[in-house]
Amino acid sequence: MPSDFNNSVLETQLRRFLYIGKEKPEYQPGNWFVHQYYLVKNIPSIDELAGDPIKHYKIVNNIVAAKNKCLVQNNETLVFALAVCAQQEKNHTLRKSAYDAVKIICDTPERFILFNKFCSQISKQKDNPKNGWGHGWRRAVKEWYLSKSPMELAKIVTQYKSRYGWKHKDIIKLAHVPTRKDGLDLVLKYVLYGLKKIKEGFEYNEQSTGNEELIKYFESIEYFKNCQDEIRVAALVESLNLTLDHIPGHMLKSEEVWNALVSSMNLTDLLKNLQRIHNLGFLKPNGIIVSKVIDIMSEKNVTDEKLHPAVFLVTLKNYENSGKPLSFEKRKVKEQAKRPLPPPPKVNKKIVDTLTKMLNYSFTTLQPTNVRYMITINMNKTMLDNGCWQCGNVNAAEAGCLIALSLLRAEKSVTVAIFTDNGIQCVDVDMNSTLVQMMRKLEPTNVEAIDLSKPMLWAAKENKSINVFINVVDQIYKKSDSSEEGIKAYREIMNIPKAKLVNCAMCASSTYDKQEYDTDILTVCGFDEKVPKIIEAFARSYF
C-alpha cells in the first residue's frame, strides 16, 4: 500500500511538470528555456517511477494522455519528459516505449527537432556520456522521417530547415537514415548535399513518380530564397503556399510579401505577428493588409481555433500599448544606448475595434468543466494601477475580471466576490456583461490586509458547496497567508475532501517557499494568456 501511494504521488508530480513546468504546484509564466526548467534534476519523478518494474509503463501513458487532453500550454514539457524517458538507463522497456511514442508526441517538425536537442543535452550531462544515442533513438528518427510522403517531407525540410540550434541535416547524418524509396531518397539527399550536388553528382530518374515534381519544387524554393524581386517573391508565397518560416531575411520588411503571407495565416499566427506587422508600418488606415487582417479575425476562426478570451485581451492590450513591455535586460540596454527607439505607428482603430469584438465573442466558445467555483478578487488601488508580472500591459484587476467572466459564461455555478476590510462581499454580475462592464460593476476598495481564508470561511458559514476557490490578489505574504488552513477547514466542515484552491498573485514573480505542499492548492505568479487554461486543467484534476 505505501508503495502504491508513493507511485500515485510521483505520477501527480509528473503530471504537474507536464502542465506547469514544475513538480511543485506553482505556475510562473515566462521563457522556461531561459529559466532552465528543462533539466533532468527538475523532474525526479521519472527516475523514481522508472525503477518500479510494474508501474514504469504509466510514465509514457501519462505523457500521451496529457497531450490528448489538449490543455498542456507549453508542449515543450511533453517533449522533454519523453526525452528523459528515452535517455534514462534504469528500464529498457520504458526507453523503448518512449521512442515508440515519438511519432505521437513529436507530431510537428519543431517538436521532433526539440526532442533530438533534448536527447543530446541529456546524454552529454550523464555521468558517463556516450557519443551515440543508441539503436532505439536511430530507429525512432528513421521511422519519423520515413513515415512521411516525399512531398510532405520536402515541405517540412524547406520550411523548418533548423530549430533550437539543430538542423535536419545533423539529425539525418547522426541517425544514418536510409531509404530505398526514390522520392524520399531524393529529399534526404537534398537535405544532405543540396540541389546543385544532386544534379551534378547523383543519378536520379526524373521520370520516376514524384521525382520531377520534387525537383521542380526544390528549384522553386532555391529561386525563392535568392530572389530580390518583391512582387515575384510574393507570387511564389501564394503559389507554393509558403509560410513566414520560409521567408529569407532580406524580404522580411517587404509589404508585398507580408500581404501575401497574411492571406495564408490562421488566426493564431496572425495574433502572434500582429504587433510585428504594425511596427513595420503596414497597418495604416486604408492599408491593403488591414482588410485582410480584419477578415481573418472572424467569429468562425475564433470558434474553429478555440481561442480563449485571454489571448485576445493580451493581444489587444499589447497592441494598444505598442507591444510587450520591455524586460529588465532590454530596458538596461536601451538606457545604456542613451537614444530612444523611434515610436511605432499609431494604432489602427479598426484593428482595436475588431480585437474588442472578438474578445467579447470568444466568451461564447468556452467549454464548461461542470464544477462549482467561487472567485474572489482584490479590487484595491494596487490591483487597478499595476500591470501583471510578465504581462505588464494588462492590469491585475483586469486579469482577475477576465478569469471571473470566463467562468460566468461557461459554468452553471459561479460565485463572484471582492475582498473587503470585513472579509468578502458577493457581487451579482450579469453573465452577459462585457469585460468593461464587469470592471465597472466591481467597485474599487481600499483594503490593506487581505485574509485569503475568508472566501472558504464564508462558504462554510453559508453552507455553500464549492469545488474550486480562486483568490486573485496582487501579492501573497507568508505572515498573512492563512489560505491553506482555510481550505482544510472548509473540506472538513463541508465534507468535500478534494475541494481545490487557486491563489493568483498577479503582481508577484514568486511567493514564499513551503516545506510541504497541498496537492490541491495551486499558486499562480503573474499572468499570461495561458493562465485560464492552466486553472481549467487544475479544476478538471488533470494534475
# chains A, B, ... in the order shown; residues from 1 in each chain; ligands from 1
>>> residues_around(residues="range 461-469 of chain A", least_positions_apart="4", cutoff="9 Å", atoms="only C-alpha atoms", output="JSON, numbers by chain")
{"A": [371, 372, 373, 374, 375, 376, 413, 414, 415, 455, 456, 457, 487, 493, 494, 496, 498, 499, 500, 501, 502, 503, 539]}
>>> write_last_selection(atoms="N, CA and C atoms", output="PDB file, in the first residue's frame")
ATOM      1  N   VAL A 371     -17.992  22.105 -12.689  1.00  0.00           N
ATOM      2  CA  VAL A 371     -17.718  22.133 -11.256  1.00  0.00           C
ATOM      3  C   VAL A 371     -18.135  23.501 -10.718  1.00  0.00           C
ATOM      4  N   ARG A 372     -18.269  23.611  -9.401  1.00  0.00           N
ATOM      5  CA  ARG A 372     -18.742  24.842  -8.771  1.00  0.00           C
ATOM      6  C   ARG A 372     -17.550  25.717  -8.359  1.00  0.00           C
ATOM      7  N   TYR A 373     -17.597  26.995  -8.729  1.00  0.00           N
ATOM      8  CA  TYR A 373     -16.483  27.907  -8.486  1.00  0.00           C
ATOM      9  C   TYR A 373     -16.896  29.045  -7.553  1.00  0.00           C
ATOM     10  N   MET A 374     -15.893  29.553  -6.840  1.00  0.00           N
ATOM     11  CA  MET A 374     -16.016  30.840  -6.169  1.00  0.00           C
ATOM     12  C   MET A 374     -14.733  31.612  -6.430  1.00  0.00           C
ATOM     13  N   ILE A 375     -14.855  32.786  -7.031  1.00  0.00           N
ATOM     14  CA  ILE A 375     -13.679  33.610  -7.318  1.00  0.00           C
ATOM     15  C   ILE A 375     -13.807  34.931  -6.562  1.00  0.00           C
ATOM     16  N   THR A 376     -12.767  35.263  -5.807  1.00  0.00           N
ATOM     17  CA  THR A 376     -12.750  36.484  -5.007  1.00  0.00           C
ATOM     18  C   THR A 376     -11.577  37.345  -5.446  1.00  0.00           C
ATOM     19  N   SER A 413     -22.479  27.250 -12.045  1.00  0.00           N
ATOM     20  CA  SER A 413     -22.423  27.694 -10.648  1.00  0.00           C
ATOM     21  C   SER A 413     -21.127  28.451 -10.385  1.00  0.00           C
ATOM     22  N   VAL A 414     -21.224  29.774 -10.350  1.00  0.00           N
ATOM     23  CA  VAL A 414     -20.055  30.628 -10.093  1.00  0.00           C
ATOM     24  C   VAL A 414     -20.462  31.735  -9.118  1.00  0.00           C
ATOM     25  N   THR A 415     -19.724  31.855  -8.040  1.00  0.00           N
ATOM     26  CA  THR A 415     -19.928  32.941  -7.077  1.00  0.00           C
ATOM     27  C   THR A 415     -18.796  33.933  -7.220  1.00  0.00           C
ATOM     28  N   PRO A 455     -12.876  33.665   1.867  1.00  0.00           N
ATOM     29  CA  PRO A 455     -13.868  33.048   0.979  1.00  0.00           C
ATOM     30  C   PRO A 455     -14.294  31.654   1.445  1.00  0.00           C
ATOM     31  N   MET A 456     -13.332  30.839   1.921  1.00  0.00           N
ATOM     32  CA  MET A 456     -13.665  29.500   2.390  1.00  0.00           C
ATOM     33  C   MET A 456     -14.501  29.551   3.664  1.00  0.00           C
ATOM     34  N   LEU A 457     -14.163  30.478   4.571  1.00  0.00           N
ATOM     35  CA  LEU A 457     -14.922  30.610   5.817  1.00  0.00           C
ATOM     36  C   LEU A 457     -16.349  31.059   5.528  1.00  0.00           C
ATOM     37  N   ILE A 487      -8.806  26.287   3.551  1.00  0.00           N
ATOM     38  CA  ILE A 487      -9.342  25.247   2.653  1.00  0.00           C
ATOM     39  C   ILE A 487      -9.438  23.909   3.375  1.00  0.00           C
ATOM     40  N   ILE A 493     -15.489  20.705   7.185  1.00  0.00           N
ATOM     41  CA  ILE A 493     -16.839  21.142   7.555  1.00  0.00           C
ATOM     42  C   ILE A 493     -17.870  20.698   6.517  1.00  0.00           C
ATOM     43  N   MET A 494     -17.522  20.856   5.226  1.00  0.00           N
ATOM     44  CA  MET A 494     -18.475  20.577   4.145  1.00  0.00           C
ATOM     45  C   MET A 494     -18.370  19.152   3.609  1.00  0.00           C
ATOM     46  N   ILE A 496     -16.106  17.902   1.680  1.00  0.00           N
ATOM     47  CA  ILE A 496     -15.667  17.902   0.271  1.00  0.00           C
ATOM     48  C   ILE A 496     -14.148  17.751   0.289  1.00  0.00           C
ATOM     49  N   LYS A 498     -11.841  16.895  -1.684  1.00  0.00           N
ATOM     50  CA  LYS A 498     -10.994  17.279  -2.830  1.00  0.00           C
ATOM     51  C   LYS A 498     -11.262  18.719  -3.285  1.00  0.00           C
ATOM     52  N   ALA A 499     -11.834  19.539  -2.404  1.00  0.00           N
ATOM     53  CA  ALA A 499     -12.031  20.964  -2.754  1.00  0.00           C
ATOM     54  C   ALA A 499     -10.676  21.595  -3.060  1.00  0.00           C
ATOM     55  N   LYS A 500     -10.612  22.362  -4.134  1.00  0.00           N
ATOM     56  CA  LYS A 500      -9.334  22.912  -4.600  1.00  0.00           C
ATOM     57  C   LYS A 500      -9.271  24.424  -4.363  1.00  0.00           C
ATOM     58  N   LEU A 501      -8.049  24.916  -4.342  1.00  0.00           N
ATOM     59  CA  LEU A 501      -7.823  26.351  -4.159  1.00  0.00           C
ATOM     60  C   LEU A 501      -6.758  26.822  -5.135  1.00  0.00           C
ATOM     61  N   VAL A 502      -7.031  27.929  -5.807  1.00  0.00           N
ATOM     62  CA  VAL A 502      -6.043  28.572  -6.689  1.00  0.00           C
ATOM     63  C   VAL A 502      -5.786  29.975  -6.151  1.00  0.00           C
ATOM     64  N   ASN A 503      -4.557  30.240  -5.753  1.00  0.00           N
ATOM     65  CA  ASN A 503      -4.161  31.583  -5.310  1.00  0.00           C
ATOM     66  C   ASN A 503      -3.375  32.258  -6.421  1.00  0.00           C
ATOM     67  N   ALA A 539      -8.709  22.440 -12.371  1.00  0.00           N
ATOM     68  CA  ALA A 539     -10.081  22.201 -11.928  1.00  0.00           C
ATOM     69  C   ALA A 539     -10.595  20.843 -12.397  1.00  0.00           C
TER      70      ALA A 539
END
>>> closest_atom_pairs(of="range 347-419 of chain A", to="range 522-526 of chain A", cutoff="9 Å", atoms="only C-alpha atoms", output="tab-separated table")
residue	atom	partner	partner_atom	distance
A:Cys388	CA	A:Gly526	CA	5.4
A:Trp389	CA	A:Gly526	CA	4.3
A:Gln390	CA	A:Gly526	CA	6.1
A:Cys391	CA	A:Gly526	CA	7.4
A:Ala396	CA	A:Gly526	CA	8.6
>>> residues_around(residues="Leu49 in chain A", least_positions_apart="2", cutoff="12 Å", atoms="only C-alpha atoms", output="PyMOL selection string")
chain A and resi 3-4+6-14+43-47+51-60+62+85+88+90-91+94
>>> residues_around(residues="Phe419 in chain A", least_positions_apart="5", cutoff="12 Å", atoms="only C-alpha atoms", output="PyMOL selection string")
chain A and resi 375-380+383+424-427+442-455+458+471-474
>>> closest_residue(among="A:Gly423, A:Pro368, A:Gly387, A:Pro129", to="Ala505 in chain A", atoms="only C-alpha atoms")
A:Gly387
>>> residues_around(residues="Ala66 in chain A", least_positions_apart="5", cutoff="9 Å", atoms="only C-alpha atoms", output="JSON, numbers by chain")
{"A": [15, 18, 19, 61, 71, 72, 78, 542]}
>>> residues_around(residues="range 246-256 of chain A", least_positions_apart="2", cutoff="10 Å", atoms="only C-alpha atoms", output="count of residues only")
34
>>> residues_around(residues="Leu192 in chain A", least_positions_apart="5", cutoff="12 Å", atoms="only C-alpha atoms", output="PyMOL selection string")
chain A and resi 157+161+167-174+176-177+185-187+197-198
>>> closest_residue(among="A:Ser362, A:Gln87, A:Thr356, A:Gln515", to="Trp133 in chain A", atoms="only C-alpha atoms")
A:Gln87
>>> atom_distance(atom1="CA of Asp295 in chain A", atom2="CA of Leu283 in chain A")
13.6 Å
>>> closest_residue(among="A:Val262, A:Leu214, A:Leu267, A:Cys119", to="Tyr190 in chain A", atoms="only C-alpha atoms")
A:Leu214
>>> select_by_dssp(residues="range 405-478 of chain A", states="alpha helix (DSSP H)", output="PyMOL selection string")
chain A and resi 405-410+435-441+454-461
>>> write_last_selection(atoms="N, CA and C atoms", output="PDB file, in the first residue's frame")
ATOM      1  N   LEU A 405     -15.191  36.432 -15.532  1.00  0.00           N
ATOM      2  CA  LEU A 405     -16.193  36.486 -16.596  1.00  0.00           C
ATOM      3  C   LEU A 405     -16.158  35.221 -17.457  1.00  0.00           C
ATOM      4  N   SER A 406     -14.969  34.671 -17.661  1.00  0.00           N
ATOM      5  CA  SER A 406     -14.843  33.413 -18.413  1.00  0.00           C
ATOM      6  C   SER A 406     -15.604  32.299 -17.697  1.00  0.00           C
ATOM      7  N   LEU A 407     -15.485  32.252 -16.376  1.00  0.00           N
ATOM      8  CA  LEU A 407     -16.204  31.235 -15.601  1.00  0.00           C
ATOM      9  C   LEU A 407     -17.706  31.460 -15.656  1.00  0.00           C
ATOM     10  N   LEU A 408     -18.126  32.721 -15.521  1.00  0.00           N
ATOM     11  CA  LEU A 408     -19.555  33.038 -15.553  1.00  0.00           C
ATOM     12  C   LEU A 408     -20.197  32.617 -16.870  1.00  0.00           C
ATOM     13  N   ARG A 409     -19.465  32.818 -17.971  1.00  0.00           N
ATOM     14  CA  ARG A 409     -20.006  32.487 -19.290  1.00  0.00           C
ATOM     15  C   ARG A 409     -20.068  30.973 -19.529  1.00  0.00           C
ATOM     16  N   ALA A 410     -19.131  30.234 -18.924  1.00  0.00           N
ATOM     17  CA  ALA A 410     -19.010  28.806 -19.240  1.00  0.00           C
ATOM     18  C   ALA A 410     -19.714  27.894 -18.235  1.00  0.00           C
ATOM     19  N   LEU A 435     -16.317  42.712 -20.534  1.00  0.00           N
ATOM     20  CA  LEU A 435     -15.254  42.865 -19.547  1.00  0.00           C
ATOM     21  C   LEU A 435     -15.253  44.275 -18.961  1.00  0.00           C
ATOM     22  N   VAL A 436     -15.484  45.272 -19.798  1.00  0.00           N
ATOM     23  CA  VAL A 436     -15.523  46.669 -19.332  1.00  0.00           C
ATOM     24  C   VAL A 436     -16.665  46.871 -18.341  1.00  0.00           C
ATOM     25  N   GLN A 437     -17.825  46.298 -18.648  1.00  0.00           N
ATOM     26  CA  GLN A 437     -18.976  46.424 -17.754  1.00  0.00           C
ATOM     27  C   GLN A 437     -18.718  45.736 -16.415  1.00  0.00           C
ATOM     28  N   MET A 438     -18.034  44.611 -16.470  1.00  0.00           N
ATOM     29  CA  MET A 438     -17.739  43.903 -15.222  1.00  0.00           C
ATOM     30  C   MET A 438     -16.758  44.691 -14.363  1.00  0.00           C
ATOM     31  N   MET A 439     -15.772  45.304 -14.996  1.00  0.00           N
ATOM     32  CA  MET A 439     -14.809  46.133 -14.258  1.00  0.00           C
ATOM     33  C   MET A 439     -15.541  47.264 -13.526  1.00  0.00           C
ATOM     34  N   ARG A 440     -16.559  47.828 -14.154  1.00  0.00           N
ATOM     35  CA  ARG A 440     -17.330  48.899 -13.526  1.00  0.00           C
ATOM     36  C   ARG A 440     -18.179  48.363 -12.371  1.00  0.00           C
ATOM     37  N   LYS A 441     -18.661  47.129 -12.531  1.00  0.00           N
ATOM     38  CA  LYS A 441     -19.532  46.529 -11.521  1.00  0.00           C
ATOM     39  C   LYS A 441     -18.777  46.259 -10.219  1.00  0.00           C
ATOM     40  N   LYS A 454     -10.823  33.975   3.965  1.00  0.00           N
ATOM     41  CA  LYS A 454     -12.178  34.488   4.121  1.00  0.00           C
ATOM     42  C   LYS A 454     -13.210  33.873   3.152  1.00  0.00           C
ATOM     43  N   PRO A 455     -12.876  33.665   1.867  1.00  0.00           N
ATOM     44  CA  PRO A 455     -13.868  33.048   0.979  1.00  0.00           C
ATOM     45  C   PRO A 455     -14.294  31.654   1.445  1.00  0.00           C
ATOM     46  N   MET A 456     -13.332  30.839   1.921  1.00  0.00           N
ATOM     47  CA  MET A 456     -13.665  29.500   2.390  1.00  0.00           C
ATOM     48  C   MET A 456     -14.501  29.551   3.664  1.00  0.00           C
ATOM     49  N   LEU A 457     -14.163  30.478   4.571  1.00  0.00           N
ATOM     50  CA  LEU A 457     -14.922  30.610   5.817  1.00  0.00           C
ATOM     51  C   LEU A 457     -16.349  31.059   5.528  1.00  0.00           C
ATOM     52  N   TRP A 458     -16.496  31.992   4.575  1.00  0.00           N
ATOM     53  CA  TRP A 458     -17.834  32.458   4.194  1.00  0.00           C
ATOM     54  C   TRP A 458     -18.654  31.320   3.587  1.00  0.00           C
ATOM     55  N   ALA A 459     -18.039  30.555   2.680  1.00  0.00           N
ATOM     56  CA  ALA A 459     -18.756  29.456   2.017  1.00  0.00           C
ATOM     57  C   ALA A 459     -19.176  28.386   3.030  1.00  0.00           C
ATOM     58  N   ALA A 460     -18.306  28.124   4.015  1.00  0.00           N
ATOM     59  CA  ALA A 460     -18.643  27.133   5.042  1.00  0.00           C
ATOM     60  C   ALA A 460     -19.803  27.638   5.902  1.00  0.00           C
ATOM     61  N   LYS A 461     -19.755  28.909   6.261  1.00  0.00           N
ATOM     62  CA  LYS A 461     -20.811  29.506   7.085  1.00  0.00           C
ATOM     63  C   LYS A 461     -22.149  29.494   6.355  1.00  0.00           C
TER      64      LYS A 461
END
>>> select_by_dssp(residues="range 151-290 of chain A", states="strand (DSSP E or B)", output="list in words")
Ser162, Arg163, Trp166 and Lys167 of chain A
>>> write_last_selection(atoms="N, CA and C atoms", output="mmCIF file, in the first residue's frame")
data_model
loop_
_atom_site.group_PDB
_atom_site.id
_atom_site.type_symbol
_atom_site.label_atom_id
_atom_site.label_comp_id
_atom_site.auth_asym_id
_atom_site.auth_seq_id
_atom_site.Cartn_x
_atom_site.Cartn_y
_atom_site.Cartn_z
ATOM 1 N N SER A 162 16.014 24.439 -39.739
ATOM 2 C CA SER A 162 16.662 24.269 -38.445
ATOM 3 C C SER A 162 15.799 24.887 -37.358
ATOM 4 N N ARG A 163 15.960 24.354 -36.152
ATOM 5 C CA ARG A 163 15.282 24.877 -34.969
ATOM 6 C C ARG A 163 16.142 24.542 -33.756
ATOM 7 N N TRP A 166 19.544 23.077 -34.031
ATOM 8 C CA TRP A 166 19.717 21.781 -34.705
ATOM 9 C C TRP A 166 19.127 21.845 -36.106
ATOM 10 N N LYS A 167 19.755 21.122 -37.033
ATOM 11 C CA LYS A 167 19.280 21.046 -38.402
ATOM 12 C C LYS A 167 18.852 19.618 -38.729
#
>>> decode(residues="range 167-199 of chain A", atoms="N, CA and C atoms", output="PDB file, in the first residue's frame")
ATOM      1  N   LYS A 167      19.755  21.122 -37.033  1.00  0.00           N
ATOM      2  CA  LYS A 167      19.280  21.046 -38.402  1.00  0.00           C
ATOM      3  C   LYS A 167      18.852  19.618 -38.729  1.00  0.00           C
ATOM      4  N   HIS A 168      17.938  19.505 -39.681  1.00  0.00           N
ATOM      5  CA  HIS A 168      17.571  18.172 -40.179  1.00  0.00           C
ATOM      6  C   HIS A 168      18.818  17.457 -40.703  1.00  0.00           C
ATOM      7  N   LYS A 169      19.706  18.213 -41.294  1.00  0.00           N
ATOM      8  CA  LYS A 169      20.939  17.629 -41.835  1.00  0.00           C
ATOM      9  C   LYS A 169      21.740  16.919 -40.739  1.00  0.00           C
ATOM     10  N   ASP A 170      21.843  17.560 -39.564  1.00  0.00           N
ATOM     11  CA  ASP A 170      22.587  16.954 -38.445  1.00  0.00           C
ATOM     12  C   ASP A 170      21.925  15.653 -38.000  1.00  0.00           C
ATOM     13  N   ILE A 171      20.607  15.688 -37.858  1.00  0.00           N
ATOM     14  CA  ILE A 171      19.878  14.521 -37.347  1.00  0.00           C
ATOM     15  C   ILE A 171      19.959  13.360 -38.326  1.00  0.00           C
ATOM     16  N   ILE A 172      19.770  13.646 -39.619  1.00  0.00           N
ATOM     17  CA  ILE A 172      19.813  12.595 -40.638  1.00  0.00           C
ATOM     18  C   ILE A 172      21.193  11.951 -40.698  1.00  0.00           C
ATOM     19  N   LYS A 173      22.238  12.754 -40.570  1.00  0.00           N
ATOM     20  CA  LYS A 173      23.602  12.213 -40.577  1.00  0.00           C
ATOM     21  C   LYS A 173      23.852  11.313 -39.374  1.00  0.00           C
ATOM     22  N   LEU A 174      23.462  11.789 -38.189  1.00  0.00           N
ATOM     23  CA  LEU A 174      23.714  11.022 -36.969  1.00  0.00           C
ATOM     24  C   LEU A 174      22.936   9.718 -36.929  1.00  0.00           C
ATOM     25  N   ALA A 175      21.723   9.733 -37.485  1.00  0.00           N
ATOM     26  CA  ALA A 175      20.876   8.537 -37.434  1.00  0.00           C
ATOM     27  C   ALA A 175      21.094   7.612 -38.626  1.00  0.00           C
ATOM     28  N   HIS A 176      21.878   8.049 -39.627  1.00  0.00           N
ATOM     29  CA  HIS A 176      22.127   7.243 -40.841  1.00  0.00           C
ATOM     30  C   HIS A 176      20.805   6.778 -41.457  1.00  0.00           C
ATOM     31  N   VAL A 177      19.930   7.746 -41.722  1.00  0.00           N
ATOM     32  CA  VAL A 177      18.595   7.405 -42.234  1.00  0.00           C
ATOM     33  C   VAL A 177      18.708   6.868 -43.655  1.00  0.00           C
ATOM     34  N   PRO A 178      18.345   5.590 -43.884  1.00  0.00           N
ATOM     35  CA  PRO A 178      18.418   5.024 -45.236  1.00  0.00           C
ATOM     36  C   PRO A 178      17.019   4.964 -45.854  1.00  0.00           C
ATOM     37  N   THR A 179      16.940   4.873 -47.139  1.00  0.00           N
ATOM     38  CA  THR A 179      15.653   4.628 -47.784  1.00  0.00           C
ATOM     39  C   THR A 179      15.885   4.112 -49.194  1.00  0.00           C
ATOM     40  N   ARG A 180      15.019   3.236 -49.609  1.00  0.00           N
ATOM     41  CA  ARG A 180      15.088   2.728 -50.984  1.00  0.00           C
ATOM     42  C   ARG A 180      13.986   3.336 -51.845  1.00  0.00           C
ATOM     43  N   LYS A 181      13.184   4.184 -51.231  1.00  0.00           N
ATOM     44  CA  LYS A 181      12.113   4.833 -51.992  1.00  0.00           C
ATOM     45  C   LYS A 181      12.701   6.030 -52.742  1.00  0.00           C
ATOM     46  N   ASP A 182      12.479   6.066 -54.051  1.00  0.00           N
ATOM     47  CA  ASP A 182      13.100   7.103 -54.877  1.00  0.00           C
ATOM     48  C   ASP A 182      12.832   8.514 -54.369  1.00  0.00           C
ATOM     49  N   GLY A 183      11.558   8.812 -54.087  1.00  0.00           N
ATOM     50  CA  GLY A 183      11.202  10.163 -53.681  1.00  0.00           C
ATOM     51  C   GLY A 183      11.830  10.568 -52.359  1.00  0.00           C
ATOM     52  N   LEU A 184      11.710   9.726 -51.342  1.00  0.00           N
ATOM     53  CA  LEU A 184      12.289  10.030 -50.037  1.00  0.00           C
ATOM     54  C   LEU A 184      13.804  10.119 -50.113  1.00  0.00           C
ATOM     55  N   ASP A 185      14.391   9.254 -50.919  1.00  0.00           N
ATOM     56  CA  ASP A 185      15.841   9.269 -51.088  1.00  0.00           C
ATOM     57  C   ASP A 185      16.289  10.610 -51.665  1.00  0.00           C
ATOM     58  N   LEU A 186      15.527  11.103 -52.612  1.00  0.00           N
ATOM     59  CA  LEU A 186      15.844  12.378 -53.244  1.00  0.00           C
ATOM     60  C   LEU A 186      15.766  13.531 -52.230  1.00  0.00           C
ATOM     61  N   VAL A 187      14.735  13.513 -51.393  1.00  0.00           N
ATOM     62  CA  VAL A 187      14.569  14.566 -50.384  1.00  0.00           C
ATOM     63  C   VAL A 187      15.723  14.539 -49.385  1.00  0.00           C
ATOM     64  N   LEU A 188      16.097  13.346 -48.918  1.00  0.00           N
ATOM     65  CA  LEU A 188      17.190  13.235 -47.947  1.00  0.00           C
ATOM     66  C   LEU A 188      18.514  13.694 -48.547  1.00  0.00           C
ATOM     67  N   LYS A 189      18.730  13.380 -49.812  1.00  0.00           N
ATOM     68  CA  LYS A 189      19.962  13.828 -50.467  1.00  0.00           C
ATOM     69  C   LYS A 189      19.959  15.344 -50.665  1.00  0.00           C
ATOM     70  N   TYR A 190      18.783  15.912 -50.887  1.00  0.00           N
ATOM     71  CA  TYR A 190      18.682  17.373 -50.979  1.00  0.00           C
ATOM     72  C   TYR A 190      19.085  18.008 -49.654  1.00  0.00           C
ATOM     73  N   VAL A 191      18.613  17.438 -48.555  1.00  0.00           N
ATOM     74  CA  VAL A 191      18.948  17.961 -47.225  1.00  0.00           C
ATOM     75  C   VAL A 191      20.455  17.861 -46.978  1.00  0.00           C
ATOM     76  N   LEU A 192      21.056  16.737 -47.343  1.00  0.00           N
ATOM     77  CA  LEU A 192      22.468  16.492 -47.038  1.00  0.00           C
ATOM     78  C   LEU A 192      23.427  17.230 -47.977  1.00  0.00           C
ATOM     79  N   TYR A 193      23.065  17.317 -49.238  1.00  0.00           N
ATOM     80  CA  TYR A 193      24.031  17.817 -50.220  1.00  0.00           C
ATOM     81  C   TYR A 193      23.583  19.056 -50.993  1.00  0.00           C
ATOM     82  N   GLY A 194      22.289  19.350 -50.964  1.00  0.00           N
ATOM     83  CA  GLY A 194      21.812  20.496 -51.714  1.00  0.00           C
ATOM     84  C   GLY A 194      21.424  20.133 -53.139  1.00  0.00           C
ATOM     85  N   LEU A 195      20.659  21.010 -53.777  1.00  0.00           N
ATOM     86  CA  LEU A 195      20.121  20.726 -55.109  1.00  0.00           C
ATOM     87  C   LEU A 195      21.215  20.653 -56.168  1.00  0.00           C
ATOM     88  N   LYS A 196      22.194  21.535 -56.066  1.00  0.00           N
ATOM     89  CA  LYS A 196      23.255  21.564 -57.084  1.00  0.00           C
ATOM     90  C   LYS A 196      24.022  20.253 -57.114  1.00  0.00           C
ATOM     91  N   LYS A 197      24.376  19.739 -55.934  1.00  0.00           N
ATOM     92  CA  LYS A 197      25.139  18.482 -55.860  1.00  0.00           C
ATOM     93  C   LYS A 197      24.311  17.313 -56.365  1.00  0.00           C
ATOM     94  N   ILE A 198      23.012  17.347 -56.103  1.00  0.00           N
ATOM     95  CA  ILE A 198      22.145  16.265 -56.595  1.00  0.00           C
ATOM     96  C   ILE A 198      22.215  16.205 -58.115  1.00  0.00           C
ATOM     97  N   LYS A 199      22.119  17.375 -58.728  1.00  0.00           N
ATOM     98  CA  LYS A 199      22.119  17.403 -60.197  1.00  0.00           C
ATOM     99  C   LYS A 199      23.486  17.039 -60.777  1.00  0.00           C
TER     100      LYS A 199
END
